[in-house]
>>> print(open('work.cif').read())   # mmCIF, C-alpha atoms and all ligand atoms
data_structure
loop_
_atom_site.label_atom_id
_atom_site.label_comp_id
_atom_site.auth_asym_id
_atom_site.auth_seq_id
_atom_site.Cartn_x
_atom_site.Cartn_y
_atom_site.Cartn_z
CA MET D 1 0.00 0.00 0.00
CA ASP D 2 1.30 3.47 -0.76
CA LYS D 3 1.18 6.27 1.78
CA LYS D 4 -1.87 7.96 0.26
CA MET D 5 -3.84 4.71 0.48
CA ILE D 6 -2.78 4.21 4.10
CA ILE D 7 -3.96 7.70 5.00
CA ASP D 8 -7.29 7.23 3.17
CA LYS D 9 -7.88 3.85 4.80
CA THR D 10 -7.06 5.25 8.23
CA ALA D 11 -9.40 8.21 7.70
CA GLU D 12 -12.18 5.80 6.75
CA TYR D 13 -11.51 3.66 9.86
CA VAL D 14 -11.53 6.64 12.22
CA LYS D 15 -14.65 8.11 10.63
CA ASN D 16 -16.45 4.84 11.20
CA PHE D 17 -15.24 4.46 14.78
CA LEU D 18 -16.30 7.95 15.84
CA LYS D 19 -19.59 8.04 13.93
CA ASN D 20 -21.84 8.48 16.93
CA ASP D 21 -19.62 10.40 19.31
CA SER D 22 -21.09 13.42 21.09
CA THR D 23 -18.24 14.28 23.46
CA GLY D 24 -16.72 16.77 21.00
CA HIS D 25 -14.28 14.13 19.72
CA ASP D 26 -16.39 13.38 16.66
CA TRP D 27 -15.07 12.64 13.17
CA TRP D 28 -15.29 16.28 12.12
CA HIS D 29 -13.00 17.27 15.00
CA ILE D 30 -10.47 14.76 13.65
CA PHE D 31 -11.04 16.06 10.13
CA ARG D 32 -10.31 19.65 11.22
CA VAL D 33 -7.21 18.65 13.21
CA TRP D 34 -5.98 16.69 10.21
CA LYS D 35 -6.48 19.70 7.90
CA ASN D 36 -5.01 22.15 10.45
CA ALA D 37 -2.00 19.88 10.89
CA VAL D 38 -1.33 19.60 7.15
CA HIS D 39 -1.59 23.38 6.88
CA ILE D 40 0.85 24.01 9.76
CA ALA D 41 3.22 21.31 8.48
CA GLN D 42 3.71 23.13 5.17
CA LYS D 43 6.00 25.64 6.85
CA GLU D 44 7.94 22.96 8.76
CA ASN D 45 10.57 20.59 7.45
CA ILE D 46 9.01 17.38 8.79
CA ASP D 47 7.54 13.98 7.89
CA LEU D 48 4.00 14.67 6.68
CA PHE D 49 3.05 10.97 6.72
CA ILE D 50 3.68 10.77 10.48
CA VAL D 51 1.80 14.04 11.01
CA GLU D 52 -1.25 12.81 9.11
CA LEU D 53 -1.36 9.40 10.81
CA ALA D 54 -1.00 10.90 14.28
CA ALA D 55 -3.62 13.59 13.57
CA LEU D 56 -6.11 11.00 12.35
CA LEU D 57 -5.55 8.60 15.25
CA HIS D 58 -4.91 11.05 18.10
CA ASP D 59 -8.28 10.65 19.85
CA ILE D 60 -9.10 7.02 19.01
CA GLY D 61 -7.34 5.79 22.14
CA ASP D 62 -8.82 8.46 24.42
CA TYR D 63 -9.92 7.04 27.76
CA LYS D 64 -13.32 8.69 27.35
CA LEU D 65 -14.08 6.45 24.37
CA HIS D 66 -13.07 3.23 26.09
CA ASN D 67 -15.01 3.34 29.34
CA GLY D 68 -12.19 5.20 31.02
CA ASP D 69 -9.57 2.57 30.18
CA GLU D 70 -6.43 4.08 28.65
CA LYS D 71 -4.73 0.73 27.99
CA VAL D 72 -7.65 -0.60 25.93
CA GLY D 73 -7.66 2.61 23.94
CA ARG D 74 -3.96 2.49 23.26
CA LYS D 75 -4.14 -1.11 22.04
CA PHE D 76 -6.86 -0.09 19.62
CA VAL D 77 -4.44 2.28 17.94
CA THR D 78 -1.40 -0.02 17.91
CA ASP D 79 -3.52 -2.88 16.50
CA TRP D 80 -4.57 -0.66 13.63
CA LEU D 81 -1.02 0.46 12.85
CA GLU D 82 0.27 -3.11 13.04
CA ASN D 83 -2.47 -4.31 10.69
CA LEU D 84 -1.25 -1.80 8.14
CA GLN D 85 2.16 -3.48 8.38
CA LEU D 86 3.96 -0.21 8.88
CA GLU D 87 7.61 -0.12 9.85
CA GLN D 88 8.14 -0.29 13.60
CA SER D 89 9.87 3.10 13.55
CA VAL D 90 6.75 4.70 12.03
CA ILE D 91 4.50 3.03 14.62
CA ASP D 92 6.80 4.21 17.42
CA SER D 93 6.84 7.80 16.14
CA VAL D 94 3.04 7.93 15.87
CA MET D 95 2.48 6.31 19.28
CA SER D 96 4.90 8.61 21.04
CA ILE D 97 2.97 11.59 19.68
CA ILE D 98 -0.41 10.19 20.72
CA ASP D 99 0.87 9.20 24.16
CA ASN D 100 2.27 12.61 24.97
CA MET D 101 0.27 15.30 23.19
CA SER D 102 -2.98 15.63 25.18
CA PHE D 103 -3.76 18.62 27.39
CA SER D 104 -4.35 16.40 30.42
CA LYS D 105 -0.93 14.73 29.98
CA ASN D 106 0.70 18.15 29.99
CA VAL D 107 -1.04 19.64 33.03
CA GLU D 108 1.61 18.68 35.57
CA SER D 109 4.70 18.87 33.36
CA LYS D 110 5.34 19.46 29.70
CA GLN D 111 5.98 16.25 27.73
CA GLU D 112 8.72 15.95 25.12
CA LEU D 113 7.32 15.89 21.59
CA SER D 114 8.92 15.41 18.17
CA LYS D 115 8.57 18.22 15.63
CA GLU D 116 5.75 16.22 14.02
CA GLY D 117 4.10 15.87 17.44
CA GLN D 118 4.30 19.59 18.07
CA VAL D 119 2.43 20.23 14.83
CA VAL D 120 -0.35 17.77 15.67
CA GLN D 121 -0.61 19.17 19.21
CA ASP D 122 -0.93 22.70 17.81
CA ALA D 123 -3.60 21.55 15.36
CA ASP D 124 -5.59 19.85 18.14
CA ARG D 125 -5.32 22.90 20.39
CA LEU D 126 -6.40 25.23 17.59
CA ASP D 127 -9.62 23.24 17.30
CA ALA D 128 -10.38 24.01 20.95
CA ILE D 129 -10.36 27.79 20.41
CA GLY D 130 -12.10 30.36 18.22
CA ALA D 131 -15.63 29.96 16.88
CA ILE D 132 -15.38 26.18 16.78
CA GLY D 133 -13.78 26.09 20.21
CA ILE D 134 -16.72 28.02 21.67
CA ALA D 135 -19.21 25.64 20.05
CA ARG D 136 -17.30 22.58 21.28
CA CYS D 137 -16.99 24.01 24.78
CA PHE D 138 -20.77 24.28 25.23
CA MET D 139 -21.38 20.95 23.53
CA TYR D 140 -18.97 19.21 25.88
CA GLY D 141 -20.38 21.05 28.90
CA GLY D 142 -23.86 19.84 27.97
CA HIS D 143 -22.57 16.30 27.56
CA ARG D 144 -21.04 16.45 31.05
CA GLY D 145 -24.19 17.99 32.50
CA ASN D 146 -22.33 21.17 33.47
CA ILE D 147 -24.18 24.43 33.83
CA LEU D 148 -23.64 27.32 31.45
CA HIS D 149 -22.56 30.01 33.87
CA ASP D 150 -22.88 31.02 37.51
CA PRO D 151 -21.23 34.29 38.55
CA GLY D 152 -20.78 32.86 42.05
CA ILE D 153 -18.58 29.95 40.89
CA LYS D 154 -15.02 31.08 40.22
CA PRO D 155 -12.66 29.33 37.79
CA ILE D 156 -10.27 26.80 39.35
CA MET D 157 -6.84 26.82 37.79
CA GLN D 158 -6.45 23.06 37.95
CA LYS D 159 -3.19 21.57 38.96
CA SER D 160 -3.24 17.80 38.73
CA THR D 161 -4.18 15.48 35.87
CA GLU D 162 -6.83 13.91 38.12
CA GLU D 163 -8.38 17.28 38.92
CA TYR D 164 -8.36 18.09 35.24
CA LYS D 165 -10.18 14.86 34.36
CA LYS D 166 -12.85 15.61 36.96
CA GLY D 167 -13.89 18.47 34.73
CA GLU D 168 -15.19 21.91 35.42
CA ALA D 169 -18.41 23.05 36.94
CA THR D 170 -19.42 25.66 34.37
CA SER D 171 -18.84 26.06 30.65
CA ILE D 172 -17.87 29.72 30.98
CA ASN D 173 -15.20 28.83 33.56
CA HIS D 174 -13.76 26.38 31.04
CA PHE D 175 -12.61 29.41 29.01
CA TYR D 176 -10.43 30.59 31.92
CA GLU D 177 -9.34 27.14 33.03
CA LYS D 178 -8.24 26.01 29.58
CA LEU D 179 -9.25 27.74 26.37
CA LEU D 180 -7.69 31.15 27.00
CA LEU D 181 -4.44 29.47 28.07
CA LEU D 182 -3.97 27.61 24.80
CA LYS D 183 -2.71 30.60 22.82
CA GLY D 184 0.37 30.72 25.02
CA LEU D 185 1.08 27.01 24.55
CA MET D 186 1.43 26.85 20.76
CA ASN D 187 4.68 25.36 19.44
CA THR D 188 4.89 26.62 15.85
CA GLU D 189 4.86 30.15 14.43
CA THR D 190 1.99 29.34 12.06
CA ALA D 191 -0.21 28.11 14.93
CA LYS D 192 0.72 31.09 17.11
CA LYS D 193 -0.60 33.45 14.45
CA ILE D 194 -3.87 31.55 14.00
CA ALA D 195 -4.29 31.23 17.78
CA GLU D 196 -3.90 34.98 18.24
CA LYS D 197 -6.86 35.62 15.96
CA ARG D 198 -9.04 32.95 17.55
CA ASP D 199 -8.18 34.10 21.07
CA THR D 200 -9.28 37.67 20.28
CA PHE D 201 -12.54 36.28 18.91
CA MET D 202 -13.18 34.39 22.18
CA ARG D 203 -12.41 37.43 24.35
CA ASN D 204 -14.86 39.52 22.31
CA TYR D 205 -17.41 36.75 22.66
CA LEU D 206 -17.03 36.70 26.46
CA GLN D 207 -17.45 40.46 26.67
CA GLN D 208 -20.69 40.27 24.72
CA PHE D 209 -21.80 37.31 26.87
CA TYR D 210 -21.35 39.26 30.12
CA SER D 211 -23.09 42.35 28.84
CA GLU D 212 -26.06 40.24 27.74
CA TRP D 213 -25.97 38.51 31.13
CA GLU D 214 -26.32 41.87 32.88
CA GLY D 215 -28.93 43.03 30.38
CA THR D 216 -26.77 45.91 29.26
CA SER D 217 -26.63 45.09 25.56
NI NI Q 301 -8.47 15.96 19.70
#
>>> encode(input="work.cif", output="structure tokens")
Amino acid sequence: MDKKMIIDKTAEYVKNFLKNDSTGHDWWHIFRVWKNAVHIAQKENIDLFIVELAALLHDIGDYKLHNGDEKVGRKFVTDWLENLQLEQSVIDSVMSIIDNMSFSKNVESKQELSKEGQVVQDADRLDAIGAIGIARCFMYGGHRGNILHDPGIKPIMQKSTEEYKKGEATSINHFYEKLLLLKGLMNTETAKKIAEKRDTFMRNYLQQFYSEWEGTS
């Protein structure tokens, strides 16, 4: 199989697996991360094949999709890569990206990532901010049963991975606890520029939200 076929087959597999997801990790999230990643990768001198595979598979092993079991999720991904009969070095590169890129893995200390991994991480983080980020934030909050906003509940700047997994109490606080921090965490210049724009959009959105909340606009 050539690389293009492997990417197409993997996209088809992921699309099928995530068909009915409503946690914000649906196929179209993967699609956007994939496209974002290819766009960012253009300016970097890196292995696009690794970038595309990791972008497509980055959420398949997520504990949320496997009844909270990370090991089951991880095996799902390695089984797929082994079935494709890829070289072990390719499998290792992709797995090391997937294992280390998530926000929750990086709460306590920053994980080492390859250049390819940094691009996929940027692409994933970009999808959590801006207009789409706002939409996903409320969708995920609804899925968790969180409330929209309560002026009496202050954001908690979470410290541990466990605390992060427990989730936040309100969707608006999620902006302060995570989304507005992402701009400062981008690895590549291309992603930094895009993040800047999306961050401004979110801050404007929040301003409008609060003035509507107070009935002043
Ligand atoms: Ni993702």
>>> closest_residue(input="work.cif", among="D:Phe175, D:Tyr13, D:Phe76, D:Trp213", to="Pro151 in chain D", atoms="all atoms listed in the file")
D:Trp213
>>> closest_residue(input="work.cif", among="D:Lys75, D:Lys43, D:Lys105, D:His143", to="Thr188 in chain D", atoms="only C-alpha atoms")
D:Lys43
>>> closest_atom_pairs(input="work.cif", of="range 61-140 of chain D", to="range 49-57 of chain D", cutoff="6 Å", atoms="only C-alpha atoms", output="JSON lines")
{"residue": "D:Val94", "atom": "CA", "partner": "D:Ala54", "partner_atom": "CA", "distance": 5.3}
{"residue": "D:Glu116", "atom": "CA", "partner": "D:Val51", "partner_atom": "CA", "distance": 5.4}
{"residue": "D:Val120", "atom": "CA", "partner": "D:Ala55", "partner_atom": "CA", "distance": 5.7}
>>> residues_around(input="work.cif", residues="Ile129 in chain D", least_positions_apart="2", cutoff="9 Å", atoms="only C-alpha atoms", output="list of chain:residue names")
D:Arg125, D:Leu126, D:Asp127, D:Ala131, D:Ile132, D:Gly133, D:Ile134, D:Arg136, D:Cys137, D:Leu179, D:Leu180, D:Leu182, D:Lys183, D:Ala195, D:Arg198, D:Asp199, D:Phe201, D:Met202
>>> closest_atom_pairs(input="work.cif", of="chain D", to="ligand NI 301 (chain Q)", cutoff="10 Å", atoms="only C-alpha atoms and all ligand atoms", output="JSON lines")
{"residue": "D:Gly24", "atom": "CA", "partner": "Q:NI301", "partner_atom": "NI", "distance": 8.4}
{"residue": "D:His25", "atom": "CA", "partner": "Q:NI301", "partner_atom": "NI", "distance": 6.1}
{"residue": "D:Asp26", "atom": "CA", "partner": "Q:NI301", "partner_atom": "NI", "distance": 8.9}
{"residue": "D:Trp27", "atom": "CA", "partner": "Q:NI301", "partner_atom": "NI", "distance": 9.9}
{"residue": "D:His29", "atom": "CA", "partner": "Q:NI301", "partner_atom": "NI", "distance": 6.7}
{"residue": "D:Ile30", "atom": "CA", "partner": "Q:NI301", "partner_atom": "NI", "distance": 6.5}
{"residue": "D:Phe31", "atom": "CA", "partner": "Q:NI301", "partner_atom": "NI", "distance": 9.9}
{"residue": "D:Arg32", "atom": "CA", "partner": "Q:NI301", "partner_atom": "NI", "distance": 9.4}
{"residue": "D:Val33", "atom": "CA", "partner": "Q:NI301", "partner_atom": "NI", "distance": 7.1}
{"residue": "D:Trp34", "atom": "CA", "partner": "Q:NI301", "partner_atom": "NI", "distance": 9.8}
{"residue": "D:Ala55", "atom": "CA", "partner": "Q:NI301", "partner_atom": "NI", "distance": 8.2}
{"residue": "D:Leu56", "atom": "CA", "partner": "Q:NI301", "partner_atom": "NI", "distance": 9.2}
{"residue": "D:Leu57", "atom": "CA", "partner": "Q:NI301", "partner_atom": "NI", "distance": 9.1}
{"residue": "D:His58", "atom": "CA", "partner": "Q:NI301", "partner_atom": "NI", "distance": 6.3}
{"residue": "D:Asp59", "atom": "CA", "partner": "Q:NI301", "partner_atom": "NI", "distance": 5.3}
{"residue": "D:Ile60", "atom": "CA", "partner": "Q:NI301", "partner_atom": "NI", "distance": 9.0}
{"residue": "D:Asp62", "atom": "CA", "partner": "Q:NI301", "partner_atom": "NI", "distance": 8.9}
{"residue": "D:Ile98", "atom": "CA", "partner": "Q:NI301", "partner_atom": "NI", "distance": 10.0}
{"residue": "D:Met101", "atom": "CA", "partner": "Q:NI301", "partner_atom": "NI", "distance": 9.4}
{"residue": "D:Ser102", "atom": "CA", "partner": "Q:NI301", "partner_atom": "NI", "distance": 7.8}
{"residue": "D:Phe103", "atom": "CA", "partner": "Q:NI301", "partner_atom": "NI", "distance": 9.4}
{"residue": "D:Val120", "atom": "CA", "partner": "Q:NI301", "partner_atom": "NI", "distance": 9.2}
{"residue": "D:Gln121", "atom": "CA", "partner": "Q:NI301", "partner_atom": "NI", "distance": 8.5}
{"residue": "D:Ala123", "atom": "CA", "partner": "Q:NI301", "partner_atom": "NI", "distance": 8.6}
{"residue": "D:Asp124", "atom": "CA", "partner": "Q:NI301", "partner_atom": "NI", "distance": 5.1}
{"residue": "D:Arg125", "atom": "CA", "partner": "Q:NI301", "partner_atom": "NI", "distance": 7.7}
{"residue": "D:Leu126", "atom": "CA", "partner": "Q:NI301", "partner_atom": "NI", "distance": 9.7}
{"residue": "D:Asp127", "atom": "CA", "partner": "Q:NI301", "partner_atom": "NI", "distance": 7.8}
{"residue": "D:Ala128", "atom": "CA", "partner": "Q:NI301", "partner_atom": "NI", "distance": 8.4}
>>> atom_distance(input="work.cif", atom1="CA of Arg74 in chain D", atom2="CA of Ile46 in chain D")
24.5 Å
>>> atom_distance(input="work.cif", atom1="CA of Ile147 in chain D", atom2="CA of Lys178 in chain D")
16.6 Å
>>> closest_residue(input="work.cif", among="D:Ser211, D:Gln118, D:His39, D:Ala169", to="Leu148 in chain D", atoms="all atoms listed in the file")
D:Ala169
>>> closest_residue(input="work.cif", among="D:Ile40, D:Asn204, D:Val107, D:Ile6", to="Met186 in chain D", atoms="only C-alpha atoms")
D:Ile40
>>> atom_distance(input="work.cif", atom1="CA of Ile156 in chain D", atom2="CA of Thr170 in chain D")
10.5 Å
>>> closest_residue(input="work.cif", among="D:Ser114, D:Thr216, D:Asn20, D:Asn173", to="Met157 in chain D", atoms="all atoms listed in the file")
D:Asn173
>>> closest_residue(input="work.cif", among="D:Ser93, D:Gln207, D:Thr200, D:Gln111", to="Ile172 in chain D", atoms="all atoms listed in the file")
D:Gln207
>>> decode(input="work.cif", residues="range 75-86 of chain D", atoms="all heavy atoms", output="PDB file, in the first residue's frame")
ATOM      1  N   LYS D  75      -4.276   0.127  22.823  1.00  0.00           N
ATOM      2  CA  LYS D  75      -4.141  -1.106  22.045  1.00  0.00           C
ATOM      3  C   LYS D  75      -4.936  -1.015  20.739  1.00  0.00           C
ATOM      4  O   LYS D  75      -4.538  -1.558  19.716  1.00  0.00           O
ATOM      5  CB  LYS D  75      -4.597  -2.309  22.880  1.00  0.00           C
ATOM      6  CG  LYS D  75      -4.344  -3.616  22.186  1.00  0.00           C
ATOM      7  CD  LYS D  75      -4.112  -4.765  23.131  1.00  0.00           C
ATOM      8  CE  LYS D  75      -3.886  -6.113  22.445  1.00  0.00           C
ATOM      9  NZ  LYS D  75      -4.192  -6.241  21.048  1.00  0.00           N
ATOM     10  N   PHE D  76      -6.056  -0.333  20.806  1.00  0.00           N
ATOM     11  CA  PHE D  76      -6.861  -0.091  19.621  1.00  0.00           C
ATOM     12  C   PHE D  76      -6.035   0.549  18.516  1.00  0.00           C
ATOM     13  O   PHE D  76      -6.115   0.194  17.354  1.00  0.00           O
ATOM     14  CB  PHE D  76      -7.985   0.881  20.017  1.00  0.00           C
ATOM     15  CG  PHE D  76      -9.334   0.407  19.624  1.00  0.00           C
ATOM     16  CD1 PHE D  76     -10.014  -0.520  20.399  1.00  0.00           C
ATOM     17  CD2 PHE D  76      -9.924   0.889  18.467  1.00  0.00           C
ATOM     18  CE1 PHE D  76     -11.268  -0.966  20.031  1.00  0.00           C
ATOM     19  CE2 PHE D  76     -11.169   0.456  18.089  1.00  0.00           C
ATOM     20  CZ  PHE D  76     -11.841  -0.469  18.865  1.00  0.00           C
ATOM     21  N   VAL D  77      -5.241   1.531  18.917  1.00  0.00           N
ATOM     22  CA  VAL D  77      -4.441   2.277  17.945  1.00  0.00           C
ATOM     23  C   VAL D  77      -3.267   1.439  17.442  1.00  0.00           C
ATOM     24  O   VAL D  77      -3.021   1.356  16.234  1.00  0.00           O
ATOM     25  CB  VAL D  77      -3.923   3.602  18.552  1.00  0.00           C
ATOM     26  CG1 VAL D  77      -3.229   4.432  17.490  1.00  0.00           C
ATOM     27  CG2 VAL D  77      -5.061   4.387  19.168  1.00  0.00           C
ATOM     28  N   THR D  78      -2.565   0.780  18.365  1.00  0.00           N
ATOM     29  CA  THR D  78      -1.403  -0.022  17.914  1.00  0.00           C
ATOM     30  C   THR D  78      -1.863  -1.186  17.029  1.00  0.00           C
ATOM     31  O   THR D  78      -1.209  -1.496  16.037  1.00  0.00           O
ATOM     32  CB  THR D  78      -0.568  -0.573  19.092  1.00  0.00           C
ATOM     33  OG1 THR D  78      -1.443  -1.180  20.040  1.00  0.00           O
ATOM     34  CG2 THR D  78       0.219   0.526  19.772  1.00  0.00           C
ATOM     35  N   ASP D  79      -2.998  -1.787  17.347  1.00  0.00           N
ATOM     36  CA  ASP D  79      -3.521  -2.877  16.501  1.00  0.00           C
ATOM     37  C   ASP D  79      -3.734  -2.392  15.070  1.00  0.00           C
ATOM     38  O   ASP D  79      -3.388  -3.072  14.111  1.00  0.00           O
ATOM     39  CB  ASP D  79      -4.864  -3.393  17.044  1.00  0.00           C
ATOM     40  CG  ASP D  79      -4.663  -4.326  18.231  1.00  0.00           C
ATOM     41  OD1 ASP D  79      -3.495  -4.654  18.531  1.00  0.00           O
ATOM     42  OD2 ASP D  79      -5.670  -4.710  18.861  1.00  0.00           O
ATOM     43  N   TRP D  80      -4.307  -1.215  14.974  1.00  0.00           N
ATOM     44  CA  TRP D  80      -4.573  -0.663  13.634  1.00  0.00           C
ATOM     45  C   TRP D  80      -3.272  -0.446  12.871  1.00  0.00           C
ATOM     46  O   TRP D  80      -3.134  -0.842  11.713  1.00  0.00           O
ATOM     47  CB  TRP D  80      -5.375   0.631  13.741  1.00  0.00           C
ATOM     48  CG  TRP D  80      -5.537   1.305  12.415  1.00  0.00           C
ATOM     49  CD1 TRP D  80      -4.897   2.413  11.975  1.00  0.00           C
ATOM     50  CD2 TRP D  80      -6.371   0.873  11.321  1.00  0.00           C
ATOM     51  NE1 TRP D  80      -5.276   2.717  10.676  1.00  0.00           N
ATOM     52  CE2 TRP D  80      -6.181   1.778  10.257  1.00  0.00           C
ATOM     53  CE3 TRP D  80      -7.252  -0.210  11.142  1.00  0.00           C
ATOM     54  CZ2 TRP D  80      -6.846   1.656   9.028  1.00  0.00           C
ATOM     55  CZ3 TRP D  80      -7.911  -0.328   9.918  1.00  0.00           C
ATOM     56  CH2 TRP D  80      -7.708   0.596   8.882  1.00  0.00           C
ATOM     57  N   LEU D  81      -2.295   0.167  13.517  1.00  0.00           N
ATOM     58  CA  LEU D  81      -1.022   0.460  12.847  1.00  0.00           C
ATOM     59  C   LEU D  81      -0.294  -0.826  12.476  1.00  0.00           C
ATOM     60  O   LEU D  81       0.328  -0.923  11.416  1.00  0.00           O
ATOM     61  CB  LEU D  81      -0.138   1.333  13.751  1.00  0.00           C
ATOM     62  CG  LEU D  81      -0.652   2.753  13.994  1.00  0.00           C
ATOM     63  CD1 LEU D  81       0.145   3.433  15.098  1.00  0.00           C
ATOM     64  CD2 LEU D  81      -0.581   3.591  12.713  1.00  0.00           C
ATOM     65  N   GLU D  82      -0.385  -1.834  13.337  1.00  0.00           N
ATOM     66  CA  GLU D  82       0.272  -3.111  13.037  1.00  0.00           C
ATOM     67  C   GLU D  82      -0.421  -3.818  11.875  1.00  0.00           C
ATOM     68  O   GLU D  82       0.225  -4.424  11.023  1.00  0.00           O
ATOM     69  CB  GLU D  82       0.326  -3.991  14.289  1.00  0.00           C
ATOM     70  CG  GLU D  82       1.510  -3.611  15.171  1.00  0.00           C
ATOM     71  CD  GLU D  82       1.375  -4.069  16.614  1.00  0.00           C
ATOM     72  OE1 GLU D  82       0.536  -4.953  16.899  1.00  0.00           O
ATOM     73  OE2 GLU D  82       2.115  -3.512  17.466  1.00  0.00           O
ATOM     74  N   ASN D  83      -1.746  -3.721  11.813  1.00  0.00           N
ATOM     75  CA  ASN D  83      -2.474  -4.310  10.689  1.00  0.00           C
ATOM     76  C   ASN D  83      -2.061  -3.714   9.355  1.00  0.00           C
ATOM     77  O   ASN D  83      -2.103  -4.377   8.327  1.00  0.00           O
ATOM     78  CB  ASN D  83      -3.987  -4.064  10.847  1.00  0.00           C
ATOM     79  CG  ASN D  83      -4.611  -5.109  11.753  1.00  0.00           C
ATOM     80  OD1 ASN D  83      -4.022  -6.157  12.005  1.00  0.00           O
ATOM     81  ND2 ASN D  83      -5.801  -4.812  12.245  1.00  0.00           N
ATOM     82  N   LEU D  84      -1.680  -2.463   9.384  1.00  0.00           N
ATOM     83  CA  LEU D  84      -1.251  -1.797   8.144  1.00  0.00           C
ATOM     84  C   LEU D  84       0.159  -2.205   7.748  1.00  0.00           C
ATOM     85  O   LEU D  84       0.665  -1.817   6.705  1.00  0.00           O
ATOM     86  CB  LEU D  84      -1.288  -0.272   8.322  1.00  0.00           C
ATOM     87  CG  LEU D  84      -2.664   0.379   8.437  1.00  0.00           C
ATOM     88  CD1 LEU D  84      -2.515   1.821   8.865  1.00  0.00           C
ATOM     89  CD2 LEU D  84      -3.423   0.299   7.115  1.00  0.00           C
ATOM     90  N   GLN D  85       0.800  -2.987   8.606  1.00  0.00           N
ATOM     91  CA  GLN D  85       2.163  -3.483   8.384  1.00  0.00           C
ATOM     92  C   GLN D  85       3.163  -2.353   8.153  1.00  0.00           C
ATOM     93  O   GLN D  85       4.010  -2.419   7.261  1.00  0.00           O
ATOM     94  CB  GLN D  85       2.174  -4.481   7.222  1.00  0.00           C
ATOM     95  CG  GLN D  85       1.383  -5.727   7.574  1.00  0.00           C
ATOM     96  CD  GLN D  85       1.319  -6.732   6.449  1.00  0.00           C
ATOM     97  OE1 GLN D  85       1.144  -6.371   5.290  1.00  0.00           O
ATOM     98  NE2 GLN D  85       1.467  -7.998   6.793  1.00  0.00           N
ATOM     99  N   LEU D  86       3.018  -1.319   8.958  1.00  0.00           N
ATOM    100  CA  LEU D  86       3.959  -0.206   8.879  1.00  0.00           C
ATOM    101  C   LEU D  86       5.263  -0.581   9.568  1.00  0.00           C
ATOM    102  O   LEU D  86       5.285  -1.446  10.442  1.00  0.00           O
ATOM    103  CB  LEU D  86       3.353   1.028   9.555  1.00  0.00           C
ATOM    104  CG  LEU D  86       2.091   1.575   8.894  1.00  0.00           C
ATOM    105  CD1 LEU D  86       1.452   2.630   9.776  1.00  0.00           C
ATOM    106  CD2 LEU D  86       2.423   2.157   7.528  1.00  0.00           C
TER     107      LEU D  86
END
